[in-house]
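Below is one structure, written out as structure tokens; the observations come after it.
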Amino acid sequence: MERPRITAISQIRGLAPSVSDQFSLISSVHFPKAAEEAFAVEFARFLALADGVAQTDQLFDLLATFAMNFNCPWIAYGSLTPDQRLLKSDRRDPPVLLNYPDEWQKRCFKMGYDRIDPIIKTSRKRAAAFRWSDVCKDASTTEDERRVFDEAATFGLGTGIRVPLHGPHGSFAIMSFAQPCDRELQNRTVIYLQLAAFHFHLKVAKLENSSGVGELPRLSLREIECISWAARGKTSWE
């Protein structure tokens, strides 16, 4: 039985209206009263603290702490390129953040698992969170792809979920939550982790966009001339 840490109910007072919108989704799922209160308070606490964070790594630490309430000590977040590989962090793309065991990260890099990870392939086709086991059991998953799950378990990552994060202009990121045991996460846990991942993703995008001015558009001489005339008060017709 999962036992989330319970904090004071007063933590949820004074939250922004957007928090109430997210709670409306949770209220549609019927939890035992005590569990519902505990999970709701922890989620509200995460939202309240996240809104006061101004750095991405601090936000990641908050999410990692929240995930521990559900026995998920490992999380990973990053954007993807069209060829399925995780992007390296740079100024214009969301950062790659993860706390997976170092040895597992080295193994993935050495074996090139980012190129055959079936969870990445499945993430592109789904909008909602899904369990790793769903992909492992899928008939279309190859033996080589299943080997990724088997080896992950030997490094302590027994099972988990993946949350696809689709954005504007074809942007795409993923969030993973992993736990050491092979017991499946409960449906209510998946819901809360998915909501937390969405909020994290939006907050990261906001922080990254505010951290500096992006690349300026390259204008033609004619476009520059049009802007110059508009700045002098000329109308579109003129």
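To be explicit about the labels: the chains of the structure tokens are called A, B, and onward in the order shown, and within each one the residues are counted from 1, while ligands get numbers from 1 in the order they are shown.
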Exercise. For segment 195-202 of chain A, list every protein, DNA or RNA residue within 8 Å, evaluated using only C-alpha atoms, and leave out those in the same chain fewer than 3 positions away; present the list as a ChimeraX atom specification.
Key: /A:22,43,46-47,50,59-60,63,163,165,175,191-192,205-206
Preceding selection exported with N, CA and C atoms as a PDB file, in the first residue's frame:
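And here's result_20.pdb as it stands now:
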ATOM      1  N   GLN A  22      -6.853  21.832 -12.421  1.00  0.00           N
ATOM      2  CA  GLN A  22      -6.213  20.526 -12.408  1.00  0.00           C
ATOM      3  C   GLN A  22      -6.845  19.620 -11.360  1.00  0.00           C
ATOM      4  N   PHE A  43       0.024  17.015  -4.004  1.00  0.00           N
ATOM      5  CA  PHE A  43       0.029  17.602  -5.335  1.00  0.00           C
ATOM      6  C   PHE A  43      -0.072  19.120  -5.250  1.00  0.00           C
ATOM      7  N   PHE A  46       3.237  20.571  -4.242  1.00  0.00           N
ATOM      8  CA  PHE A  46       4.173  20.613  -5.360  1.00  0.00           C
ATOM      9  C   PHE A  46       3.888  21.812  -6.263  1.00  0.00           C
ATOM     10  N   LEU A  47       2.614  22.036  -6.585  1.00  0.00           N
ATOM     11  CA  LEU A  47       2.251  23.148  -7.456  1.00  0.00           C
ATOM     12  C   LEU A  47       2.618  24.487  -6.828  1.00  0.00           C
ATOM     13  N   ALA A  50       6.410  24.886  -6.819  1.00  0.00           N
ATOM     14  CA  ALA A  50       6.937  25.022  -8.178  1.00  0.00           C
ATOM     15  C   ALA A  50       6.733  26.428  -8.725  1.00  0.00           C
ATOM     16  N   LEU A  59      13.434  23.065  -9.899  1.00  0.00           N
ATOM     17  CA  LEU A  59      12.131  22.520 -10.255  1.00  0.00           C
ATOM     18  C   LEU A  59      12.206  21.005 -10.385  1.00  0.00           C
ATOM     19  N   PHE A  60      13.298  20.521 -10.977  1.00  0.00           N
ATOM     20  CA  PHE A  60      13.497  19.079 -11.114  1.00  0.00           C
ATOM     21  C   PHE A  60      13.573  18.413  -9.737  1.00  0.00           C
ATOM     22  N   LEU A  63      10.119  18.052  -8.293  1.00  0.00           N
ATOM     23  CA  LEU A  63       9.376  16.953  -8.908  1.00  0.00           C
ATOM     24  C   LEU A  63       9.879  15.614  -8.395  1.00  0.00           C
ATOM     25  N   VAL A 163       5.310   9.567 -19.675  1.00  0.00           N
ATOM     26  CA  VAL A 163       4.316  10.598 -19.968  1.00  0.00           C
ATOM     27  C   VAL A 163       4.754  11.348 -21.224  1.00  0.00           C
ATOM     28  N   LEU A 165       4.752  14.345 -23.829  1.00  0.00           N
ATOM     29  CA  LEU A 165       4.476  15.772 -23.657  1.00  0.00           C
ATOM     30  C   LEU A 165       4.588  16.448 -25.017  1.00  0.00           C
ATOM     31  N   MET A 175       8.607  12.408 -20.169  1.00  0.00           N
ATOM     32  CA  MET A 175       8.921  12.324 -18.745  1.00  0.00           C
ATOM     33  C   MET A 175       8.724  10.880 -18.302  1.00  0.00           C
ATOM     34  N   ILE A 191      -2.253   9.077 -12.506  1.00  0.00           N
ATOM     35  CA  ILE A 191      -2.935  10.349 -12.747  1.00  0.00           C
ATOM     36  C   ILE A 191      -2.159  11.509 -12.134  1.00  0.00           C
ATOM     37  N   TYR A 192      -1.762  11.360 -10.888  1.00  0.00           N
ATOM     38  CA  TYR A 192      -1.048  12.444 -10.216  1.00  0.00           C
ATOM     39  C   TYR A 192       0.318  12.692 -10.842  1.00  0.00           C
ATOM     40  N   ALA A 205       9.338  25.161 -19.816  1.00  0.00           N
ATOM     41  CA  ALA A 205       9.270  25.932 -21.057  1.00  0.00           C
ATOM     42  C   ALA A 205       9.236  27.430 -20.765  1.00  0.00           C
ATOM     43  N   LYS A 206       8.493  27.810 -19.751  1.00  0.00           N
ATOM     44  CA  LYS A 206       8.401  29.222 -19.375  1.00  0.00           C
ATOM     45  C   LYS A 206       9.744  29.743 -18.878  1.00  0.00           C
TER      46      LYS A 206
END
Quiz item: Contacts of Gly160 of chain A at 12 Å or less, counting only C-alpha atoms, minus same-chain residues fewer than 3 places along, as a ChimeraX atom specification?
Solution: /A:67,70-76,119,129-136,149,152-153,156-157,163,175-186,189-190,193
Exercise. Have a look at atom CA of Gly112 of chain A and atom CA of His169 of chain A and let me know their distance in Å, one decimal.
Key: 27.7 Å
Practice problem: Within segment 74-235 of chain A, find each residue whose DSSP state, derived from the backbone, is alpha helix (DSSP H), and express the selection as a PyMOL selection string. | Solution: chain A and resi 102-111+118-123+132-137+143-154+187-210+221-231
Practice problem: Between A:Asp102, A:Pro164, A:Gly158, A:Arg232, single out the one closest to Lys121 of chain A, counting only C-alpha atoms. | Solution: A:Pro164
Quiz item: Smallest atom-to-atom distance to Asp57 of chain A: which of A:Val204, A:Leu80, A:Arg107, A:Gln194, using only C-alpha atoms?
Solution: A:Val204
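Across the model, the gap from atom CA of Thr122 of chain A to atom CA of Thr141 of chain A is 9.9 Å.
Rounded to one decimal, atom CA of Glu37 of chain A and atom CA of Arg188 of chain A lie 12.3 Å from each other.
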Practice problem: Step one, run DSSP on the backbone; step two, keep only residues of segment 124-194 of chain A assigned to strand (DSSP E); then write them as a ChimeraX atom specification. | Solution: /A:130-131,159-166,172-179
Using N, CA and C atoms, can you write the selected residues to a file as a PDB file, in the first residue's frame?
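And here is the file that came out, again27.pdb:
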ATOM      1  N   PHE A 130       1.436   6.020 -19.986  1.00  0.00           N
ATOM      2  CA  PHE A 130       1.270   4.577 -20.126  1.00  0.00           C
ATOM      3  C   PHE A 130       2.362   3.868 -19.346  1.00  0.00           C
ATOM      4  N   ARG A 131       2.099   2.629 -18.992  1.00  0.00           N
ATOM      5  CA  ARG A 131       3.047   1.827 -18.215  1.00  0.00           C
ATOM      6  C   ARG A 131       4.072   1.165 -19.126  1.00  0.00           C
ATOM      7  N   THR A 159      10.083  -1.072 -12.810  1.00  0.00           N
ATOM      8  CA  THR A 159       8.948  -0.727 -13.661  1.00  0.00           C
ATOM      9  C   THR A 159       8.714   0.764 -13.568  1.00  0.00           C
ATOM     10  N   GLY A 160       7.804   1.262 -14.382  1.00  0.00           N
ATOM     11  CA  GLY A 160       7.535   2.690 -14.349  1.00  0.00           C
ATOM     12  C   GLY A 160       6.503   3.095 -15.371  1.00  0.00           C
ATOM     13  N   ILE A 161       6.382   4.413 -15.552  1.00  0.00           N
ATOM     14  CA  ILE A 161       5.461   4.951 -16.545  1.00  0.00           C
ATOM     15  C   ILE A 161       6.186   6.001 -17.378  1.00  0.00           C
ATOM     16  N   ARG A 162       5.642   6.264 -18.541  1.00  0.00           N
ATOM     17  CA  ARG A 162       6.167   7.301 -19.423  1.00  0.00           C
ATOM     18  C   ARG A 162       5.023   8.267 -19.734  1.00  0.00           C
ATOM     19  N   VAL A 163       5.310   9.567 -19.675  1.00  0.00           N
ATOM     20  CA  VAL A 163       4.316  10.598 -19.968  1.00  0.00           C
ATOM     21  C   VAL A 163       4.754  11.348 -21.224  1.00  0.00           C
ATOM     22  N   PRO A 164       4.039  11.185 -22.353  1.00  0.00           N
ATOM     23  CA  PRO A 164       4.358  11.958 -23.557  1.00  0.00           C
ATOM     24  C   PRO A 164       3.945  13.415 -23.344  1.00  0.00           C
ATOM     25  N   LEU A 165       4.752  14.345 -23.829  1.00  0.00           N
ATOM     26  CA  LEU A 165       4.476  15.772 -23.657  1.00  0.00           C
ATOM     27  C   LEU A 165       4.588  16.448 -25.017  1.00  0.00           C
ATOM     28  N   HIS A 166       3.449  16.496 -25.717  1.00  0.00           N
ATOM     29  CA  HIS A 166       3.410  17.077 -27.045  1.00  0.00           C
ATOM     30  C   HIS A 166       3.164  18.579 -26.941  1.00  0.00           C
ATOM     31  N   PHE A 172       8.241  18.018 -28.891  1.00  0.00           N
ATOM     32  CA  PHE A 172       7.885  16.789 -28.186  1.00  0.00           C
ATOM     33  C   PHE A 172       8.915  16.490 -27.111  1.00  0.00           C
ATOM     34  N   ALA A 173       8.428  16.203 -25.910  1.00  0.00           N
ATOM     35  CA  ALA A 173       9.297  15.829 -24.803  1.00  0.00           C
ATOM     36  C   ALA A 173       8.682  14.636 -24.085  1.00  0.00           C
ATOM     37  N   ILE A 174       9.473  13.997 -23.239  1.00  0.00           N
ATOM     38  CA  ILE A 174       8.988  12.844 -22.490  1.00  0.00           C
ATOM     39  C   ILE A 174       9.428  12.953 -21.031  1.00  0.00           C
ATOM     40  N   MET A 175       8.607  12.408 -20.169  1.00  0.00           N
ATOM     41  CA  MET A 175       8.921  12.324 -18.745  1.00  0.00           C
ATOM     42  C   MET A 175       8.724  10.880 -18.302  1.00  0.00           C
ATOM     43  N   SER A 176       9.703  10.336 -17.595  1.00  0.00           N
ATOM     44  CA  SER A 176       9.606   8.971 -17.079  1.00  0.00           C
ATOM     45  C   SER A 176       9.683   8.979 -15.561  1.00  0.00           C
ATOM     46  N   PHE A 177       8.910   8.099 -14.960  1.00  0.00           N
ATOM     47  CA  PHE A 177       8.970   7.856 -13.524  1.00  0.00           C
ATOM     48  C   PHE A 177       9.232   6.364 -13.332  1.00  0.00           C
ATOM     49  N   ALA A 178      10.251   6.016 -12.551  1.00  0.00           N
ATOM     50  CA  ALA A 178      10.611   4.610 -12.376  1.00  0.00           C
ATOM     51  C   ALA A 178      10.710   4.264 -10.895  1.00  0.00           C
ATOM     52  N   GLN A 179      10.399   3.001 -10.591  1.00  0.00           N
ATOM     53  CA  GLN A 179      10.490   2.516  -9.219  1.00  0.00           C
ATOM     54  C   GLN A 179      11.266   1.198  -9.202  1.00  0.00           C
TER      55      GLN A 179
END
